[in-house]
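So this one's model-v2.cif, mmCIF, C-alpha atoms:
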```
data_work
#
loop_
_atom_site.group_PDB
_atom_site.id
_atom_site.type_symbol
_atom_site.label_atom_id
_atom_site.label_comp_id
_atom_site.auth_asym_id
_atom_site.auth_seq_id
_atom_site.Cartn_x
_atom_site.Cartn_y
_atom_site.Cartn_z
ATOM 1 C CA MET W 24 28.034 13.967 -36.888
ATOM 2 C CA SER W 25 29.959 10.697 -36.572
ATOM 3 C CA ASN W 26 28.431 7.530 -35.065
ATOM 4 C CA ILE W 27 30.802 7.842 -32.111
ATOM 5 C CA THR W 28 29.682 11.417 -31.481
ATOM 6 C CA LYS W 29 25.991 10.441 -31.718
ATOM 7 C CA HIS W 30 26.527 7.582 -29.295
ATOM 8 C CA THR W 31 28.363 9.842 -26.850
ATOM 9 C CA LEU W 32 25.605 12.474 -27.078
ATOM 10 C CA LYS W 33 22.934 9.871 -26.313
ATOM 11 C CA LYS W 34 24.872 8.734 -23.247
ATOM 12 C CA ILE W 35 25.212 12.317 -22.015
ATOM 13 C CA ILE W 36 21.477 12.994 -22.470
ATOM 14 C CA LEU W 37 20.593 9.735 -20.681
ATOM 15 C CA TYR W 38 22.956 10.611 -17.843
ATOM 16 C CA ILE W 39 21.403 14.069 -17.447
ATOM 17 C CA PHE W 40 17.862 12.641 -17.255
ATOM 18 C CA LEU W 41 19.045 10.009 -14.774
ATOM 19 C CA ILE W 42 20.571 12.654 -12.509
ATOM 20 C CA ILE W 43 17.405 14.794 -12.692
ATOM 21 C CA GLY W 44 15.230 11.768 -11.899
ATOM 22 C CA LEU W 45 17.361 10.641 -8.965
ATOM 23 C CA ASN W 46 17.451 14.158 -7.560
ATOM 24 C CA GLY W 47 13.655 14.431 -7.741
ATOM 25 C CA PHE W 48 13.222 11.020 -6.101
ATOM 26 C CA SER W 49 15.738 11.918 -3.381
ATOM 27 C CA GLN W 50 13.841 15.124 -2.522
ATOM 28 C CA GLU W 51 10.554 13.221 -2.463
ATOM 29 C CA SER W 52 12.040 10.477 -0.271
ATOM 30 C CA ASN W 53 13.537 13.001 2.162
ATOM 31 C CA GLN W 54 10.177 14.778 2.413
ATOM 32 C CA LEU W 55 8.454 11.468 3.198
ATOM 33 C CA ILE W 56 11.099 10.509 5.782
ATOM 34 C CA LYS W 57 10.529 13.849 7.535
ATOM 35 C CA LEU W 58 6.765 13.220 7.698
ATOM 36 C CA LEU W 59 7.264 9.678 9.019
ATOM 37 C CA THR W 60 9.702 10.931 11.659
ATOM 38 C CA GLU W 61 7.168 13.524 12.803
ATOM 39 C CA LYS W 62 4.224 11.107 12.857
ATOM 40 C CA PHE W 63 6.086 8.207 14.510
ATOM 41 C CA PRO W 64 8.842 9.891 16.573
ATOM 42 C CA VAL W 65 11.526 8.013 18.499
ATOM 43 C CA LYS W 66 10.836 8.187 22.245
ATOM 44 C CA GLU W 67 13.201 7.386 25.076
ATOM 45 C CA SER W 68 10.437 6.146 27.354
ATOM 46 C CA PHE W 69 6.837 5.198 26.749
ATOM 47 C CA VAL W 70 4.086 2.788 27.738
ATOM 48 C CA ALA W 71 3.991 -0.008 25.137
ATOM 49 C CA ASP W 72 0.289 0.180 24.312
ATOM 50 C CA GLY W 73 0.589 -0.338 20.560
ATOM 51 C CA ILE W 74 2.843 2.613 19.880
ATOM 52 C CA TRP W 75 4.565 2.941 16.499
ATOM 53 C CA ILE W 76 8.117 4.302 16.142
ATOM 54 C CA TYR W 77 9.950 5.009 12.893
ATOM 55 C CA HIS W 78 13.733 4.573 12.972
ATOM 56 C CA SER W 79 14.781 6.551 9.916
ATOM 57 C CA GLU W 80 18.469 5.659 10.175
ATOM 58 C CA PHE W 81 17.695 1.976 9.550
ATOM 59 C CA ASN W 82 14.577 1.976 7.370
ATOM 60 C CA LYS W 83 14.171 3.931 4.162
ATOM 61 C CA PRO W 84 10.840 4.097 2.266
ATOM 62 C CA LYS W 85 10.564 1.972 -0.858
ATOM 63 C CA LYS W 86 8.310 3.056 -3.723
ATOM 64 C CA LEU W 87 5.964 0.254 -4.833
ATOM 65 C CA GLU W 88 5.241 -0.348 -8.504
ATOM 66 C CA MET W 89 1.470 -0.718 -8.866
ATOM 67 C CA PRO W 90 0.809 0.844 -12.314
ATOM 68 C CA PHE W 91 -2.987 0.581 -12.424
ATOM 69 C CA ILE W 92 -3.594 1.716 -8.856
ATOM 70 C CA GLN W 93 -1.042 4.504 -9.217
ATOM 71 C CA SER W 94 -2.715 5.775 -12.391
ATOM 72 C CA ASN W 95 -6.004 6.040 -10.489
ATOM 73 C CA LEU W 96 -4.608 7.607 -7.318
ATOM 74 C CA THR W 97 -2.964 10.491 -9.109
ATOM 75 C CA ASN W 98 -2.475 12.596 -5.968
ATOM 76 C CA TYR W 99 -0.534 9.849 -4.202
ATOM 77 C CA GLU W 100 2.658 7.827 -4.366
ATOM 78 C CA LEU W 101 2.543 4.341 -2.827
ATOM 79 C CA TYR W 102 5.415 3.298 -0.544
ATOM 80 C CA SER W 103 6.325 0.564 1.885
ATOM 81 C CA VAL W 104 8.448 1.141 4.973
ATOM 82 C CA LYS W 105 9.369 -0.734 8.145
ATOM 83 C CA ILE W 106 7.931 0.849 11.300
ATOM 84 C CA THR W 107 8.437 -0.728 14.723
ATOM 85 C CA ASN W 108 5.389 -1.587 16.818
ATOM 86 C CA TYR W 109 5.616 -1.920 20.602
ATOM 87 C CA LEU W 110 2.736 -3.809 22.222
ATOM 88 C CA ASP W 111 3.279 -4.882 25.829
ATOM 89 C CA TYR W 112 6.450 -6.998 25.639
ATOM 90 C CA HIS W 113 6.123 -7.644 21.908
ATOM 91 C CA VAL W 114 8.342 -5.676 19.516
ATOM 92 C CA ASN W 115 7.683 -6.120 15.783
ATOM 93 C CA ASP W 116 9.340 -4.483 12.798
ATOM 94 C CA CYS W 117 6.324 -4.258 10.498
ATOM 95 C CA ASP W 118 6.213 -3.727 6.737
ATOM 96 C CA CYS W 119 3.666 -0.915 6.517
ATOM 97 C CA LEU W 120 2.027 0.845 3.578
ATOM 98 C CA ILE W 121 2.123 4.591 3.027
ATOM 99 C CA LEU W 122 0.125 6.755 0.616
ATOM 100 C CA PHE W 123 2.114 9.974 0.242
ATOM 101 C CA ASP W 124 0.416 13.122 -1.073
ATOM 102 C CA LYS W 125 3.305 15.336 -2.197
ATOM 103 C CA SER W 126 1.132 18.358 -2.969
ATOM 104 C CA LYS W 127 -0.492 18.437 0.493
ATOM 105 C CA ASN W 128 2.557 17.003 2.273
ATOM 106 C CA THR W 129 0.437 14.389 4.056
ATOM 107 C CA ILE W 130 0.519 10.620 4.491
ATOM 108 C CA ASN W 131 -2.004 7.820 4.989
ATOM 109 C CA PHE W 132 -0.678 4.850 6.943
ATOM 110 C CA ALA W 133 -1.724 1.184 6.907
ATOM 111 C CA PRO W 134 -0.138 -1.415 9.197
ATOM 112 C CA PRO W 135 -0.067 -5.034 7.970
ATOM 113 C CA LEU W 136 -3.445 -6.723 7.702
ATOM 114 C CA TRP W 137 -2.719 -9.037 10.640
ATOM 115 C CA TYR W 138 -2.371 -6.059 12.980
ATOM 116 C CA SER W 139 -5.698 -4.269 12.632
ATOM 117 C CA GLY W 140 -7.486 -5.482 9.506
ATOM 118 C CA LEU W 141 -8.253 -3.063 6.685
ATOM 119 C CA GLU W 142 -7.178 0.427 7.770
ATOM 120 C CA LYS W 143 -10.164 2.613 6.785
ATOM 121 C CA ASP W 144 -8.323 5.916 6.343
ATOM 122 C CA PHE W 145 -5.937 4.190 3.944
ATOM 123 C CA TYR W 146 -8.253 1.961 1.911
ATOM 124 C CA LYS W 147 -11.062 4.494 1.554
ATOM 125 C CA ASN W 148 -8.814 6.173 -1.038
ATOM 126 C CA PHE W 149 -9.658 3.297 -3.386
ATOM 127 C CA ILE W 150 -13.395 4.026 -3.193
ATOM 128 C CA GLY W 151 -14.561 5.715 -6.392
ATOM 129 C CA ILE W 152 -11.995 4.184 -8.751
ATOM 130 C CA LYS W 153 -13.640 3.790 -12.159
ATOM 131 C CA PHE W 154 -13.156 0.859 -14.537
ATOM 132 C CA LYS W 155 -13.710 0.627 -18.273
ATOM 133 C CA ASP W 156 -14.062 -3.160 -18.450
ATOM 134 C CA ILE W 157 -13.388 -6.453 -16.699
ATOM 135 C CA SER W 158 -9.751 -6.468 -17.773
ATOM 136 C CA GLU W 159 -9.161 -3.273 -15.756
ATOM 137 C CA ILE W 160 -10.897 -4.811 -12.743
ATOM 138 C CA GLU W 161 -8.602 -7.839 -13.065
ATOM 139 C CA LYS W 162 -5.516 -5.576 -13.123
ATOM 140 C CA PHE W 163 -6.765 -3.765 -10.036
ATOM 141 C CA VAL W 164 -7.522 -6.980 -8.142
ATOM 142 C CA LYS W 165 -4.041 -8.377 -8.816
ATOM 143 C CA GLU W 166 -2.397 -5.220 -7.462
ATOM 144 C CA PHE W 167 -4.866 -4.837 -4.574
ATOM 145 C CA GLN W 168 -4.180 -8.393 -3.421
ATOM 146 C CA SER W 169 -0.429 -7.729 -3.532
ATOM 147 C CA ILE W 170 -0.960 -4.655 -1.363
ATOM 148 C CA ILE W 171 -3.053 -6.311 1.345
ATOM 149 C CA LEU W 172 -0.633 -9.251 1.512
ATOM 150 C CA TYR W 173 2.284 -6.886 2.086
ATOM 151 C CA GLY W 174 3.974 -7.569 5.400
ATOM 152 C CA THR W 175 1.979 -10.771 6.045
ATOM 153 C CA ASN W 176 2.612 -14.505 5.748
ATOM 154 C CA GLU W 177 -0.877 -15.070 4.413
ATOM 155 C CA THR W 178 -2.207 -16.443 1.140
ATOM 156 C CA ILE W 179 -5.199 -15.710 -1.077
ATOM 157 C CA ASP W 180 -7.382 -18.170 -2.971
ATOM 158 C CA ASN W 181 -10.863 -18.631 -4.493
ATOM 159 C CA THR W 182 -10.816 -15.315 -6.342
ATOM 160 C CA SER W 183 -14.051 -14.606 -8.212
ATOM 161 C CA ILE W 184 -14.369 -11.570 -10.503
ATOM 162 C CA ASN W 185 -17.318 -10.058 -12.353
ATOM 163 C CA SER W 186 -18.621 -6.568 -13.146
ATOM 164 C CA GLU W 187 -20.678 -6.401 -9.924
ATOM 165 C CA ASN W 188 -18.247 -7.680 -7.308
ATOM 166 C CA VAL W 189 -14.996 -9.426 -6.526
ATOM 167 C CA THR W 190 -14.557 -11.936 -3.707
ATOM 168 C CA PHE W 191 -11.550 -13.842 -2.418
ATOM 169 C CA ASP W 192 -10.587 -15.792 0.700
ATOM 170 C CA MET W 193 -7.586 -15.172 2.940
ATOM 171 C CA PHE W 194 -5.684 -17.854 4.837
ATOM 172 C CA ARG W 195 -3.109 -17.728 7.630
ATOM 173 C CA VAL W 196 -2.645 -21.499 7.413
ATOM 174 C CA VAL W 197 -4.286 -23.065 4.370
ATOM 175 C CA GLU W 198 -5.010 -26.334 6.196
ATOM 176 C CA ASN W 199 -7.032 -24.426 8.813
ATOM 177 C CA GLY W 200 -9.304 -22.845 6.221
ATOM 178 C CA ALA W 201 -10.036 -19.213 5.359
ATOM 179 C CA TYR W 202 -10.265 -16.781 8.253
ATOM 180 C CA ARG W 203 -11.669 -13.844 6.280
ATOM 181 C CA LYS W 204 -13.375 -13.157 2.958
ATOM 182 C CA ILE W 205 -12.894 -9.855 1.168
ATOM 183 C CA LYS W 206 -15.670 -8.536 -1.076
ATOM 184 C CA ILE W 207 -15.248 -5.544 -3.390
ATOM 185 C CA VAL W 208 -18.533 -4.118 -4.689
ATOM 186 C CA PHE W 209 -19.010 -2.147 -7.925
ATOM 187 C CA ASP W 210 -21.882 0.001 -9.149
ATOM 188 C CA LYS W 211 -21.789 0.696 -12.900
ATOM 189 C CA MET W 212 -18.063 -0.197 -12.877
ATOM 190 C CA ASP W 213 -17.285 2.246 -10.048
ATOM 191 C CA LEU W 214 -15.755 0.843 -6.840
ATOM 192 C CA LYS W 215 -18.281 1.479 -4.064
ATOM 193 C CA GLU W 216 -17.420 -0.736 -1.072
ATOM 194 C CA ILE W 217 -14.699 -2.956 0.354
ATOM 195 C CA ILE W 218 -16.147 -5.454 2.836
ATOM 196 C CA ASP W 219 -14.418 -7.759 5.334
ATOM 197 C CA LEU W 220 -16.596 -10.863 5.872
ATOM 198 C CA ASN W 221 -16.659 -13.992 7.977
ATOM 199 C CA PRO W 222 -15.985 -16.654 5.288
ATOM 200 C CA GLU W 223 -18.466 -19.142 6.785
ATOM 201 C CA THR W 224 -21.399 -17.007 7.922
ATOM 202 C CA LEU W 225 -20.756 -14.007 5.625
ATOM 203 C CA GLU W 226 -21.290 -11.763 8.638
ATOM 204 C CA ILE W 227 -19.772 -8.329 8.017
ATOM 205 C CA HIS W 228 -16.733 -7.610 10.200
ATOM 206 C CA ASP W 229 -16.022 -4.231 8.657
ATOM 207 C CA ILE W 230 -17.000 -2.151 5.658
ATOM 208 C CA ILE W 231 -15.254 0.712 3.847
ATOM 209 C CA LYS W 232 -17.323 2.983 1.625
#
```

structure tokens encoding of this file:
Amino acid sequence: MSNITKHTLKKIILYIFLIIGLNGFSQESNQLIKLLTEKFPVKESFVADGIWIYHSEFNKPKKLEMPFIQSNLTNYELYSVKITNYLDYHVNDCDCLILFDKSKNTINFAPPLWYSGLEKDFYKNFIGIKFKDISEIEKFVKEFQSIILYGTNETIDNTSINSENVTFDMFRVVENGAYRKIKIVFDKMDLKEIIDLNPETLEIHDIIK
């Protein structure tokens, strides 16, 4: 077989795999859009008491690349998508997080952190993740921080990591100081709790376990 023929064959094979991959992703995306449309339907009239509405014609889900988290949440795919929140006279297009279970055809939804803090039904899926060593915990923390910052204008600092717990501070405006401290607790390298603390008094605002 000539070099030209080999090269052409490789391109054909690559093209076939690309088409198969795009088709699979398209089906998955359409399935997710259908679920979002059902969960957050467009309504002609409503009382704006914190209602969420998904406008599928304008906002398509985007798959997030979080390799370590994804490898440990094998039943789920992690997406972001804009969903509009109506609260009194305030209308916000929010970057929300979605955990999509293709096998069960279900979703877990998390609005941005500024809206309601750590959404328990979403973040409880991280409880039970197992780690082999500190390097895996560090990979997780980097991705976890990216996730909770999604859709916010906040920053994170003072990250401390060991085999028993991780802590870090969150800031809306750095000059004003931290407004919350997040603590992740491990037991024998298994993730057991995610705690939202007052950074000054260490009083527990919320706990996921």

Exercise. Would you write out, as number ranges by chain, every residue that the PyMOL selection byres ((chain W and resi 134-148) around 9) captures in this file?
Key: W: 96, 106, 117-122, 131-133, 149-152, 171-175, 177, 216-217, 219, 229-232

Pull C-alpha atoms from the residues just selected and write them as a PDB file, keeping the file's coordinate frame.
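The new file result38.pdb reads:
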```pdb
ATOM      1  CA  LEU W  96      -4.608   7.607  -7.318  1.00  0.00           C
ATOM      2  CA  ILE W 106       7.931   0.849  11.300  1.00  0.00           C
ATOM      3  CA  CYS W 117       6.324  -4.258  10.498  1.00  0.00           C
ATOM      4  CA  ASP W 118       6.213  -3.727   6.737  1.00  0.00           C
ATOM      5  CA  CYS W 119       3.666  -0.915   6.517  1.00  0.00           C
ATOM      6  CA  LEU W 120       2.027   0.845   3.578  1.00  0.00           C
ATOM      7  CA  ILE W 121       2.123   4.591   3.027  1.00  0.00           C
ATOM      8  CA  LEU W 122       0.125   6.755   0.616  1.00  0.00           C
ATOM      9  CA  ASN W 131      -2.004   7.820   4.989  1.00  0.00           C
ATOM     10  CA  PHE W 132      -0.678   4.850   6.943  1.00  0.00           C
ATOM     11  CA  ALA W 133      -1.724   1.184   6.907  1.00  0.00           C
ATOM     12  CA  PHE W 149      -9.658   3.297  -3.386  1.00  0.00           C
ATOM     13  CA  ILE W 150     -13.395   4.026  -3.193  1.00  0.00           C
ATOM     14  CA  GLY W 151     -14.561   5.715  -6.392  1.00  0.00           C
ATOM     15  CA  ILE W 152     -11.995   4.184  -8.751  1.00  0.00           C
ATOM     16  CA  ILE W 171      -3.053  -6.311   1.345  1.00  0.00           C
ATOM     17  CA  LEU W 172      -0.633  -9.251   1.512  1.00  0.00           C
ATOM     18  CA  TYR W 173       2.284  -6.886   2.086  1.00  0.00           C
ATOM     19  CA  GLY W 174       3.974  -7.569   5.400  1.00  0.00           C
ATOM     20  CA  THR W 175       1.979 -10.771   6.045  1.00  0.00           C
ATOM     21  CA  GLU W 177      -0.877 -15.070   4.413  1.00  0.00           C
ATOM     22  CA  GLU W 216     -17.420  -0.736  -1.072  1.00  0.00           C
ATOM     23  CA  ILE W 217     -14.699  -2.956   0.354  1.00  0.00           C
ATOM     24  CA  ASP W 219     -14.418  -7.759   5.334  1.00  0.00           C
ATOM     25  CA  ASP W 229     -16.022  -4.231   8.657  1.00  0.00           C
ATOM     26  CA  ILE W 230     -17.000  -2.151   5.658  1.00  0.00           C
ATOM     27  CA  ILE W 231     -15.254   0.712   3.847  1.00  0.00           C
ATOM     28  CA  LYS W 232     -17.323   2.983   1.625  1.00  0.00           C
TER      29      LYS W 232
END
```

Exercise. State, in Å with one decimal place, the distance from CA of Lys85 (chain W) to CA of Glu100 (chain W).
Key: 10.4 Å

Self-check item: Option closest in space to Pro64 (chain W), from W:Pro84, W:Ile205, W:Thr107, W:Met212 [counting all atoms listed in the file]
Solution: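 For Pro64 (chain W), the nearest of the given residues is W:Thr107.
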
Practice problem: Could you tell me which of W:Lys62, W:Lys165, W:Lys105, W:Lys125 comes closest to Asn82 (chain W) if we count all atoms listed in the file? | Solution: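 The closest residue to Asn82 (chain W) is W:Lys105.
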
Exercise. Compile the contact shell of Gly73 (chain W) as a ChimeraX atom specification: residues with an atom at most 8 Å away, counting all atoms listed in the file, same-chain residues fewer than 6 positions apart removed.
Key: /W:108-111

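Distance annotation: of W:Asn185, W:Tyr202, W:Val208, W:Phe154, the residue with the minimal separation from Leu220 (chain W) is W:Tyr202; atom set is only C-alpha atoms.
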
Exercise. Output the residue selection produced by the PyMOL selection byres ((chain W and resi 191) around 12) on the file above, formatted as a ChimeraX atom specification.
Key: /W:164-165,167-168,171,178-184,188-190,192-194,201-207,217-222

Exercise. Rounded to one decimal place, report the CA of Val70 (chain W)-CA of Val114 (chain W) distance in Å.
Key: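 If I compute the distance from CA of Val70 (chain W) to CA of Val114 (chain W), I get 12.5 Å.
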
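Take CA of Lys83 (chain W) and CA of Ile56 (chain W): the distance between them is 7.4 Å.
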